[in-house]
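Below is one structure, written out as structure tokens, with a few remarks after it.
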Amino acid sequence: MAAEVLARSLAEPAVLAADVKLPDIDYLAIAPMLVLFGAACVGVLAAAFVPQRLRYRVQVSLVIGALLVALGLIVTVARAGRAVATAGGAIAIDGPALFLQGSVAVLGVVAVLLIAERSLERGGAFVSRASLTPGSAADRDQAEQPGATEVYPLVSFALAGMMLFVSANDLLTLFVALEVFSLPLYLLCGLARRRRLLSQESAVKYFLLGAFSSAFFLYGVALLYGFAGATGLGALRKAVQAGDGNTTLLFLGLAMLAVGLLFKVAAVPFHVWTPDVYQGAPTPITALMAACTKVAAFGALLRVFTVAFPVGAVDWRPVLVAIAIATMLVGAVLAVTQTDIKRLLAYSSIANAGYVLTGVLALSAAGVAGSLFYLVAYGFVVLAAFGVVTLVRDADGEATHLSRWAGLGRRSPLVAGVFTFLMMAFAGIPLTSGFTSKFAVFSAALGSGQVTLVVVGVLSSAVLAFPYLRVVVLMYLSEPAEDTPTVSLPGTLTAAALAIGVLATALLGVAPAPVLDLAAKAVQFVS
Amino acid sequence: MHPVIPYVLAALLFGIGGYGVLVRRNAVLLLMAVELMLNAVNLVLVTADATIVGLPHSGQVFALFVIVIAAAEIGVGLAIVLQLYRLRRTVATDSIDAGEGTVLPRAEPMPEPGSAQTGPDQVGAR
Amino acid sequence: MGSYLGSYATLGLLLVVGAGFFAVAFLANRALRPHRPHAEKLTSYECGLDPVGGDWAQSQIRYYVYAYLYVLFAVESVFLFPWALVFDRPGFGMVTLAEMAVFIGVLALGLLYAWRKRVLHWT
């Protein structure tokens with residue numbers, strides 16, 4: 001009988017070819033991604049052919065220009081009010097997709113501003129030959145040279161991949177997008193000019209664990225394909241509703257898929273890479289990962305669970321609730337013990353992943369809207385916070401150990417003031433975006449009866465406020481030590497990024513209504 | 001009909017790969033273990049493709065996608081591992097940890113004055 | 001289930017017979033042969049010559065780039081096969097051709113970059 005099946009599948013290619021139809025592609029709907037992918041390809045060419053002295057300017061304007069054009073196109077498509085599933089149903093351009101793509105583009109612009117900063121350190125935060133032994137003669141030569149401009153095409157590829165990730169309506173497209181945005185990030189992690197061993201360690205860890213988790217993700221996809229006979233999210237929902245497939249395949253596949261996605265959002269059993277990678281990666285890249293990757297990963301998580309598996313929610317919701325609770329608690333408690341500012345922010349980002357999960361698990365329109373708003377608000381705060389981290393430096397580069405931040409408030413009140421404001425936003429003090437966004441997700445969760453989640457969320461926010469306040473106290477109330485690092489004058493780009501981040505944080509705290517409305521209007525998925 | 005044997009075989013293959021990732025300490029062997037896991041995926045895809053009747057046979061094409069993406073992933077991985085070897089003369093993953101709190105070998109000797117900082121001026125210290 | 005597993009019976013039988021053949025041959029060999037090792041006998045056999053050097057040899061790292069470029073192109077070309085099955089069917093036509101041209105163009109872009117960065121230059 002197996003032989004028959006084999007014979008049939010061997011005899012079939014001719015039939016298969018006749019059955020295949022050319023899918024319609026709505027080019028306007030996917031234009032933002034096409035622009036960014038195109039810019040990335042042009043960027044590769046520019047890195048090879050534009051003369052050395054012009055390269056940096058060309059690359060930076062190319063990326064930022066492409067992101068702005070993409071943003072314009074996203075707004076155009078959103079204005080037209082179309083929600084389509086295009087490319088044979090593999091890509092869905094609907095409300096959440098457009099909102100998240102827009103967020104990725106805006107946050108991406110700010111992250112690129114941080115990445116492009118070159119006045120803090122000669123040649124920027126990246127090197128072109130990261131494998132040179134630190135301190136060798138060749139490396140001293142390199143220290144005099146401007147850094148790698150390949151960074152910018154890599155960032156464009158990553159951002160374009162994230163845009164595809166949030167709009168992928170087919171598990172295979174989802175996987176391709178996952179790799180498209182992950183692979184450049186692995187490389188970017190290892191290109192730091194300072195602390196190269198740590199940077200390299202982070203690249204290796206991120207890559208190995210990322211490859212491991214994407215193998216899980218893919219195995220899940222394959223099992224779900226075995227279950228439903230298709231990988232489209234809509235087809236999966238129909239198959240789950242029909243309920244006549246093999247449930248072993250369904251549950252195993254769903255679990256594996258969830259592992260892959262939860263790894264990317266850094267939820268708790270799958271979070272161990274986060275502190276090391278966030279600490280070791282060049283700070284602007286950490287900012288990019290904390291803001292944009294979070295948006296992309298949660299976008300995909302939302303889409304997969306709300307579009308494909310609303311029927312089985314009784315089965316998977318308790319598991320995800322447990323994961324969300326663990327994420328909030330572990331992130332908050334471990335953040336308290338950290339002595340390095342980048343690790344502290346990493347653990348705080350883990351706890352924040354728990355808060356977004358709370359919104360996701362509300363499984364309601366309000367929950368989706370709350371999560372979308374939270375992601376944008378958090379993205380701005382975290383970008384600005386890492387932007388400040390790039391400014392506090394000593395002769396060895398960034399001074400990230402918390403003890404070095406003692407007394408910073410006396411030596412540079414402005415930077416300390418900005419950082420204090422950001423810490424308050426993280427802690428969720430009213431009149432900052434942190435408060436509005438936490439309120440949005442927690443009220444959505446309460447609205448659908450997830451009381452436990454909300455109680456744990458509020459408790460862990462209280463715990464998490466402690467490390468933030470400790471940094472503030474350290475900056476203002478401790479005496480500056482002899483070796484308190486200087487605060488470098490931010491270059492135009494970092495200053496712009498910081499200004500955008502702080503302004504957005506304040507605006508989303510004081511007048512969140514427009515963005516909240518936008519998010520509330522954008523909750524309708526198509527499939 | 002339910003093809004138990006290929007599914008079980010794929011699960012075993014995936015398990016061996018996962019075990020390899022967890023216990024191996026050589027970065028290159030880790031990459032090979034990940035490949036093993038991806039090949040288990042291919043086996044599942046092809047099996048599912050052969051057992052599903054009356055639908056376009058997309059599983060075979062999915063397997064092609066997996067092969068190509070795996071090649072790209074391994075390319076990036078080997079580049080990172082190669083860089084690791086150049087700096088440390090080893091690809092053992094348990095000796096990578098520069099770790100939290102350990103004193104790193106000073107990454108670079110002091111660069112020339114003026115090459116790193118824009119100046120000691122502080123923002124707003126006026 | 002019985003008939004399904006039954007269809008694998010021949011394969012299983014072949015496996016058992018193969019393993020049995022292998023085991024019997026080696027056990028018989030071990031039982032019959034004399035066993036008198038000395039150092040000379042235990043060296044690696046290299047067509048009668050004394051082996052030189054260790055058993056680990058490093059190859060030039062620059063092969064890596066070539067090998068890798070080759071593998072990438074070989075693997076990417078796999079997409080050409082399903083495409084070749086359908087591109088001349090009604091309803092496909094120029095669009096399909098253009099899409100494949102874009103795909104190959106992106107690949108060529110990578111090669112162009114490698115060439116320009118003198119990766120293909122054998123020093």
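Just so we're on the same page: first chain in the structure tokens is A, next is B, and so on; residues restart at 1 for each chain, and ligands are numbered from 1 in the order they show up.
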
If we count only C-alpha atoms, which residues of chain A reach to within 7 Å of chain B? Please list them as a tab-separated table (two decimals) with N, CA and C atoms, in the first residue's frame.
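Written file, iface.tsv:
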chain	number	residue	atom	x	y	z
A	5	VAL	N	1.12	4.35	-2.85
A	5	VAL	CA	1.18	5.79	-2.62
A	5	VAL	C	2.39	6.38	-3.33
A	9	SER	N	2.46	9.18	-6.27
A	9	SER	CA	3.10	10.48	-6.17
A	9	SER	C	4.19	10.64	-7.23
A	16	LEU	N	0.14	17.77	-11.36
A	16	LEU	CA	0.45	18.87	-10.46
A	16	LEU	C	0.69	20.15	-11.23
A	119	SER	N	29.66	60.07	15.72
A	119	SER	CA	30.48	61.05	16.41
A	119	SER	C	30.87	60.59	17.81
A	120	LEU	N	30.17	59.57	18.35
A	120	LEU	CA	30.53	59.10	19.69
A	120	LEU	C	31.83	58.34	19.64
A	121	GLU	N	32.04	57.68	18.53
A	121	GLU	CA	33.20	56.82	18.42
A	121	GLU	C	33.67	56.94	16.99
A	122	ARG	N	34.95	57.06	16.79
A	122	ARG	CA	35.41	57.22	15.42
A	122	ARG	C	34.98	56.02	14.58
A	131	SER	N	36.79	39.83	12.91
A	131	SER	CA	37.54	38.66	13.35
A	131	SER	C	39.00	39.00	13.67
A	132	LEU	N	39.39	40.27	13.55
A	132	LEU	CA	40.76	40.63	13.89
A	132	LEU	C	40.94	40.55	15.40
A	133	THR	N	42.09	40.04	15.81
A	133	THR	CA	42.35	39.95	17.24
A	133	THR	C	42.38	41.35	17.83
A	134	PRO	N	41.62	41.59	18.87
A	134	PRO	CA	41.63	42.93	19.45
A	134	PRO	C	43.05	43.30	19.88
A	135	GLY	N	43.49	44.48	19.52
A	135	GLY	CA	44.78	44.95	19.96
A	135	GLY	C	45.91	44.64	19.01
A	183	LEU	N	18.62	36.15	10.27
A	183	LEU	CA	20.00	35.97	9.81
A	183	LEU	C	20.79	37.27	9.85
A	194	ARG	N	33.84	47.75	20.09
A	194	ARG	CA	34.39	47.55	21.43
A	194	ARG	C	33.88	46.24	21.99
A	195	ARG	N	34.61	45.69	22.97
A	195	ARG	CA	34.18	44.46	23.64
A	195	ARG	C	33.84	43.39	22.63
A	196	ARG	N	34.81	43.10	21.77
A	196	ARG	CA	34.50	42.25	20.64
A	196	ARG	C	34.23	40.82	21.03
A	198	LEU	N	32.84	39.73	23.76
A	198	LEU	CA	31.48	39.64	24.28
A	198	LEU	C	30.48	39.69	23.14
A	200	GLN	N	31.02	38.79	20.09
A	200	GLN	CA	31.06	37.55	19.33
A	200	GLN	C	30.33	36.43	20.07
A	201	GLU	N	30.53	36.42	21.37
A	201	GLU	CA	29.83	35.43	22.19
A	201	GLU	C	28.33	35.56	21.99
A	204	VAL	N	27.31	34.13	18.60
A	204	VAL	CA	27.30	32.67	18.55
A	204	VAL	C	26.09	32.13	19.31
A	207	PHE	N	22.88	32.88	17.46
A	207	PHE	CA	22.73	32.05	16.28
A	207	PHE	C	22.36	30.62	16.64
A	211	ALA	N	18.88	29.08	15.69
A	211	ALA	CA	18.75	28.00	14.72
A	211	ALA	C	18.00	26.83	15.36
A	212	PHE	N	18.32	26.56	16.61
A	212	PHE	CA	17.64	25.49	17.35
A	212	PHE	C	16.14	25.77	17.40
A	215	ALA	N	14.38	25.46	14.13
A	215	ALA	CA	14.14	24.07	13.75
A	215	ALA	C	12.86	23.56	14.42
A	218	LEU	N	9.94	25.03	12.58
A	218	LEU	CA	9.73	24.40	11.29
A	218	LEU	C	9.12	23.00	11.45
A	219	TYR	N	9.56	22.29	12.49
A	219	TYR	CA	8.98	20.98	12.73
A	219	TYR	C	7.49	21.12	13.03
A	222	ALA	N	5.72	21.64	9.82
A	222	ALA	CA	5.59	20.40	9.05
A	222	ALA	C	4.49	19.53	9.63
A	223	LEU	N	4.43	19.44	10.97
A	223	LEU	CA	3.39	18.61	11.59
A	223	LEU	C	2.00	19.18	11.30
A	225	TYR	N	1.21	20.91	8.75
A	225	TYR	CA	0.94	20.60	7.35
A	225	TYR	C	0.43	19.16	7.23
A	226	GLY	N	1.03	18.26	8.00
A	226	GLY	CA	0.56	16.89	8.02
A	226	GLY	C	-0.87	16.79	8.53
A	229	GLY	N	-2.99	19.45	5.76
A	229	GLY	CA	-2.78	19.34	4.32
A	229	GLY	C	-2.54	20.68	3.66
A	411	ARG	N	26.76	65.20	37.42
A	411	ARG	CA	27.71	65.58	36.37
A	411	ARG	C	27.01	65.91	35.06
A	412	SER	N	25.90	65.29	34.82
A	412	SER	CA	25.20	65.64	33.58
A	412	SER	C	23.70	65.52	33.79
A	413	PRO	N	23.13	66.58	34.36
A	413	PRO	CA	21.71	66.54	34.75
A	413	PRO	C	20.78	66.25	33.59
A	414	LEU	N	21.10	66.74	32.39
A	414	LEU	CA	20.16	66.56	31.29
A	414	LEU	C	19.98	65.09	30.94
A	415	VAL	N	21.13	64.42	30.72
A	415	VAL	CA	21.06	63.00	30.36
A	415	VAL	C	20.41	62.20	31.48
A	486	THR	N	32.38	59.87	31.61
A	486	THR	CA	31.89	61.11	31.03
A	486	THR	C	30.64	60.78	30.24
A	487	VAL	N	29.85	61.79	30.05
A	487	VAL	CA	28.72	61.60	29.15
A	487	VAL	C	29.07	62.31	27.87
A	488	SER	N	29.15	61.56	26.78
A	488	SER	CA	29.55	62.19	25.53
A	488	SER	C	28.42	63.07	25.03
A	489	LEU	N	28.84	64.10	24.33
A	489	LEU	CA	27.86	64.96	23.69
A	489	LEU	C	27.21	64.14	22.59

| Mind listing as an MDAnalysis selection string which residues of chain C are within 9 Å of chain A, counting only C-alpha atoms? | chainID C and resid 3:8 82 85:86 89 91:92 96 106 109:110 112:114 116:117

Put those residues in a file: N, CA and C atoms, as a PDB file, in the first residue's frame.
ATOM      1  N   SER C   3      -1.961  -4.535   7.341  1.00  0.00           N
ATOM      2  CA  SER C   3      -1.566  -4.599   5.934  1.00  0.00           C
ATOM      3  C   SER C   3      -0.550  -3.508   5.620  1.00  0.00           C
ATOM      4  N   TYR C   4      -0.707  -2.383   6.349  1.00  0.00           N
ATOM      5  CA  TYR C   4       0.215  -1.287   6.093  1.00  0.00           C
ATOM      6  C   TYR C   4       1.628  -1.654   6.517  1.00  0.00           C
ATOM      7  N   LEU C   5       1.748  -2.166   7.743  1.00  0.00           N
ATOM      8  CA  LEU C   5       3.068  -2.583   8.197  1.00  0.00           C
ATOM      9  C   LEU C   5       3.553  -3.766   7.385  1.00  0.00           C
ATOM     10  N   GLY C   6       2.585  -4.615   6.945  1.00  0.00           N
ATOM     11  CA  GLY C   6       2.937  -5.783   6.142  1.00  0.00           C
ATOM     12  C   GLY C   6       3.651  -5.409   4.859  1.00  0.00           C
ATOM     13  N   SER C   7       3.285  -4.225   4.327  1.00  0.00           N
ATOM     14  CA  SER C   7       3.925  -3.837   3.075  1.00  0.00           C
ATOM     15  C   SER C   7       5.405  -3.518   3.282  1.00  0.00           C
ATOM     16  N   TYR C   8       5.790  -3.341   4.548  1.00  0.00           N
ATOM     17  CA  TYR C   8       7.206  -3.127   4.823  1.00  0.00           C
ATOM     18  C   TYR C   8       7.926  -4.430   5.159  1.00  0.00           C
ATOM     19  N   PRO C  82      11.011  23.380 -10.289  1.00  0.00           N
ATOM     20  CA  PRO C  82       9.549  23.516 -10.323  1.00  0.00           C
ATOM     21  C   PRO C  82       9.113  24.623 -11.272  1.00  0.00           C
ATOM     22  N   LEU C  85       8.861  23.483 -14.793  1.00  0.00           N
ATOM     23  CA  LEU C  85       7.693  22.652 -15.095  1.00  0.00           C
ATOM     24  C   LEU C  85       6.500  23.484 -15.545  1.00  0.00           C
ATOM     25  N   VAL C  86       6.402  24.710 -15.060  1.00  0.00           N
ATOM     26  CA  VAL C  86       5.165  25.453 -15.294  1.00  0.00           C
ATOM     27  C   VAL C  86       5.303  26.679 -16.182  1.00  0.00           C
ATOM     28  N   ARG C  89       3.277  27.140 -19.435  1.00  0.00           N
ATOM     29  CA  ARG C  89       1.848  26.803 -19.457  1.00  0.00           C
ATOM     30  C   ARG C  89       1.026  28.064 -19.748  1.00  0.00           C
ATOM     31  N   GLY C  91      -1.257  31.103 -19.214  1.00  0.00           N
ATOM     32  CA  GLY C  91      -1.525  31.884 -18.015  1.00  0.00           C
ATOM     33  C   GLY C  91      -0.280  32.255 -17.241  1.00  0.00           C
ATOM     34  N   PHE C  92       0.855  31.710 -17.599  1.00  0.00           N
ATOM     35  CA  PHE C  92       2.077  32.057 -16.879  1.00  0.00           C
ATOM     36  C   PHE C  92       2.850  33.109 -17.672  1.00  0.00           C
ATOM     37  N   THR C  96       5.999  35.222 -15.212  1.00  0.00           N
ATOM     38  CA  THR C  96       6.791  34.172 -14.582  1.00  0.00           C
ATOM     39  C   THR C  96       8.260  34.315 -14.955  1.00  0.00           C
ATOM     40  N   VAL C 106      18.971  38.754  -8.160  1.00  0.00           N
ATOM     41  CA  VAL C 106      19.362  38.912  -6.757  1.00  0.00           C
ATOM     42  C   VAL C 106      20.556  38.019  -6.445  1.00  0.00           C
ATOM     43  N   LEU C 109      23.576  39.513  -7.851  1.00  0.00           N
ATOM     44  CA  LEU C 109      23.989  40.632  -7.005  1.00  0.00           C
ATOM     45  C   LEU C 109      24.993  40.169  -5.942  1.00  0.00           C
ATOM     46  N   GLY C 110      24.680  39.032  -5.340  1.00  0.00           N
ATOM     47  CA  GLY C 110      25.579  38.488  -4.334  1.00  0.00           C
ATOM     48  C   GLY C 110      26.941  38.170  -4.919  1.00  0.00           C
ATOM     49  N   LEU C 112      28.242  39.471  -7.569  1.00  0.00           N
ATOM     50  CA  LEU C 112      28.881  40.741  -7.925  1.00  0.00           C
ATOM     51  C   LEU C 112      29.574  41.334  -6.705  1.00  0.00           C
ATOM     52  N   TYR C 113      28.889  41.297  -5.583  1.00  0.00           N
ATOM     53  CA  TYR C 113      29.459  41.836  -4.343  1.00  0.00           C
ATOM     54  C   TYR C 113      30.725  41.070  -3.976  1.00  0.00           C
ATOM     55  N   ALA C 114      30.641  39.737  -4.068  1.00  0.00           N
ATOM     56  CA  ALA C 114      31.800  38.919  -3.717  1.00  0.00           C
ATOM     57  C   ALA C 114      32.975  39.228  -4.638  1.00  0.00           C
ATOM     58  N   ARG C 116      33.520  42.038  -6.320  1.00  0.00           N
ATOM     59  CA  ARG C 116      34.016  43.381  -6.075  1.00  0.00           C
ATOM     60  C   ARG C 116      34.857  43.447  -4.796  1.00  0.00           C
ATOM     61  N   LYS C 117      34.481  42.660  -3.809  1.00  0.00           N
ATOM     62  CA  LYS C 117      35.244  42.654  -2.549  1.00  0.00           C
ATOM     63  C   LYS C 117      36.461  41.736  -2.654  1.00  0.00           C
TER      64      LYS C 117
END

| message | Neighbouring residues of Val75 (chain C) were defined as those with any atom within 8 Å, considering only C-alpha atoms; residues of the same chain fewer than 4 positions away were excluded. Please report them as a list in words. | response |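 Once the nearby chain positions are removed, what remains is Ile67, Val68 and Ala71 of chain B; Val71 of chain C.
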
With N, CA and C atoms retained, write the just-selected residues as a PDB file, in the first residue's frame.
ATOM      1  N   ILE B  67      15.342  23.172   2.378  1.00  0.00           N
ATOM      2  CA  ILE B  67      16.736  22.894   2.019  1.00  0.00           C
ATOM      3  C   ILE B  67      17.487  24.201   1.765  1.00  0.00           C
ATOM      4  N   VAL B  68      16.858  25.087   0.996  1.00  0.00           N
ATOM      5  CA  VAL B  68      17.546  26.328   0.626  1.00  0.00           C
ATOM      6  C   VAL B  68      17.780  27.201   1.854  1.00  0.00           C
ATOM      7  N   ALA B  71      20.494  25.931   3.947  1.00  0.00           N
ATOM      8  CA  ALA B  71      21.814  26.240   3.404  1.00  0.00           C
ATOM      9  C   ALA B  71      22.213  27.667   3.771  1.00  0.00           C
TER      10      ALA B  71
ATOM     11  N   VAL C  71      27.932  26.001  -3.072  1.00  0.00           N
ATOM     12  CA  VAL C  71      26.789  25.322  -2.452  1.00  0.00           C
ATOM     13  C   VAL C  71      25.547  26.200  -2.543  1.00  0.00           C
TER      14      VAL C  71
END

Compile the contact shell of Asp94 (chain A) as a compact mmCIF listing (two decimals) with C-alpha atoms, in the first residue's frame: residues with an atom at most 6 Å away, counting only C-alpha atoms, same-chain residues fewer than 2 positions apart removed.
# COMPACT_ATOMS: atom_id res chain seq x y z
CA ALA A 83 -7.78 44.48 3.63
CA ALA A 92 -2.42 39.31 4.46
CA PRO A 96 -2.98 44.65 12.31
CA ALA A 97 -0.46 44.02 9.54
CA PHE A 525 -7.57 40.21 10.77

| message | So that I can see what lies close to Val381 (chain A), please list as JSON, numbers by chain the residues with an atom at most 8 Å from it, counting only C-alpha atoms and leaving out residues fewer than 4 positions away in the same chain. | response | {"A": [377, 385, 422, 425, 426, 501, 502, 505]}

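Every residue of region 91-133 of chain A found in helix (DSSP H, G or I) when DSSP is run on the backbone appears here: A:Gly95, A:Pro96, A:Ala97, A:Leu98, A:Phe99, A:Leu100, A:Gln101, A:Gly102, A:Ser103, A:Val104, A:Ala105, A:Val106, A:Leu107, A:Gly108, A:Val109, A:Val110, A:Ala111, A:Val112, A:Leu113, A:Leu114, A:Ile115.
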
| said: At a cut-off of 12 Å, which residues of chain C touch chain B? Count only C-alpha atoms and give the answer as a PyMOL selection string. | reply: chain C and resi 1-8+61-62+64-83

| message | Can you measure CA of Pro490 (chain A) to CA of Leu114 (chain A) for me? One decimal in Å is fine. | response |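 Between CA of Pro490 (chain A) and CA of Leu114 (chain A) the gap works out to 10.2 Å.
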
| field | Contact residues around region 316-330 of chain A with only C-alpha atoms at 6 Å, ignoring same-chain residues under 6 positions, as a PyMOL selection string | value | chain A and resi 267-268+351+354+357+460

| request: Could you check how far CA of Pro467 (chain A) sits from CA of Tyr206 (chain A), in Å to one decimal? | output: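 The value is 25.7 Å.
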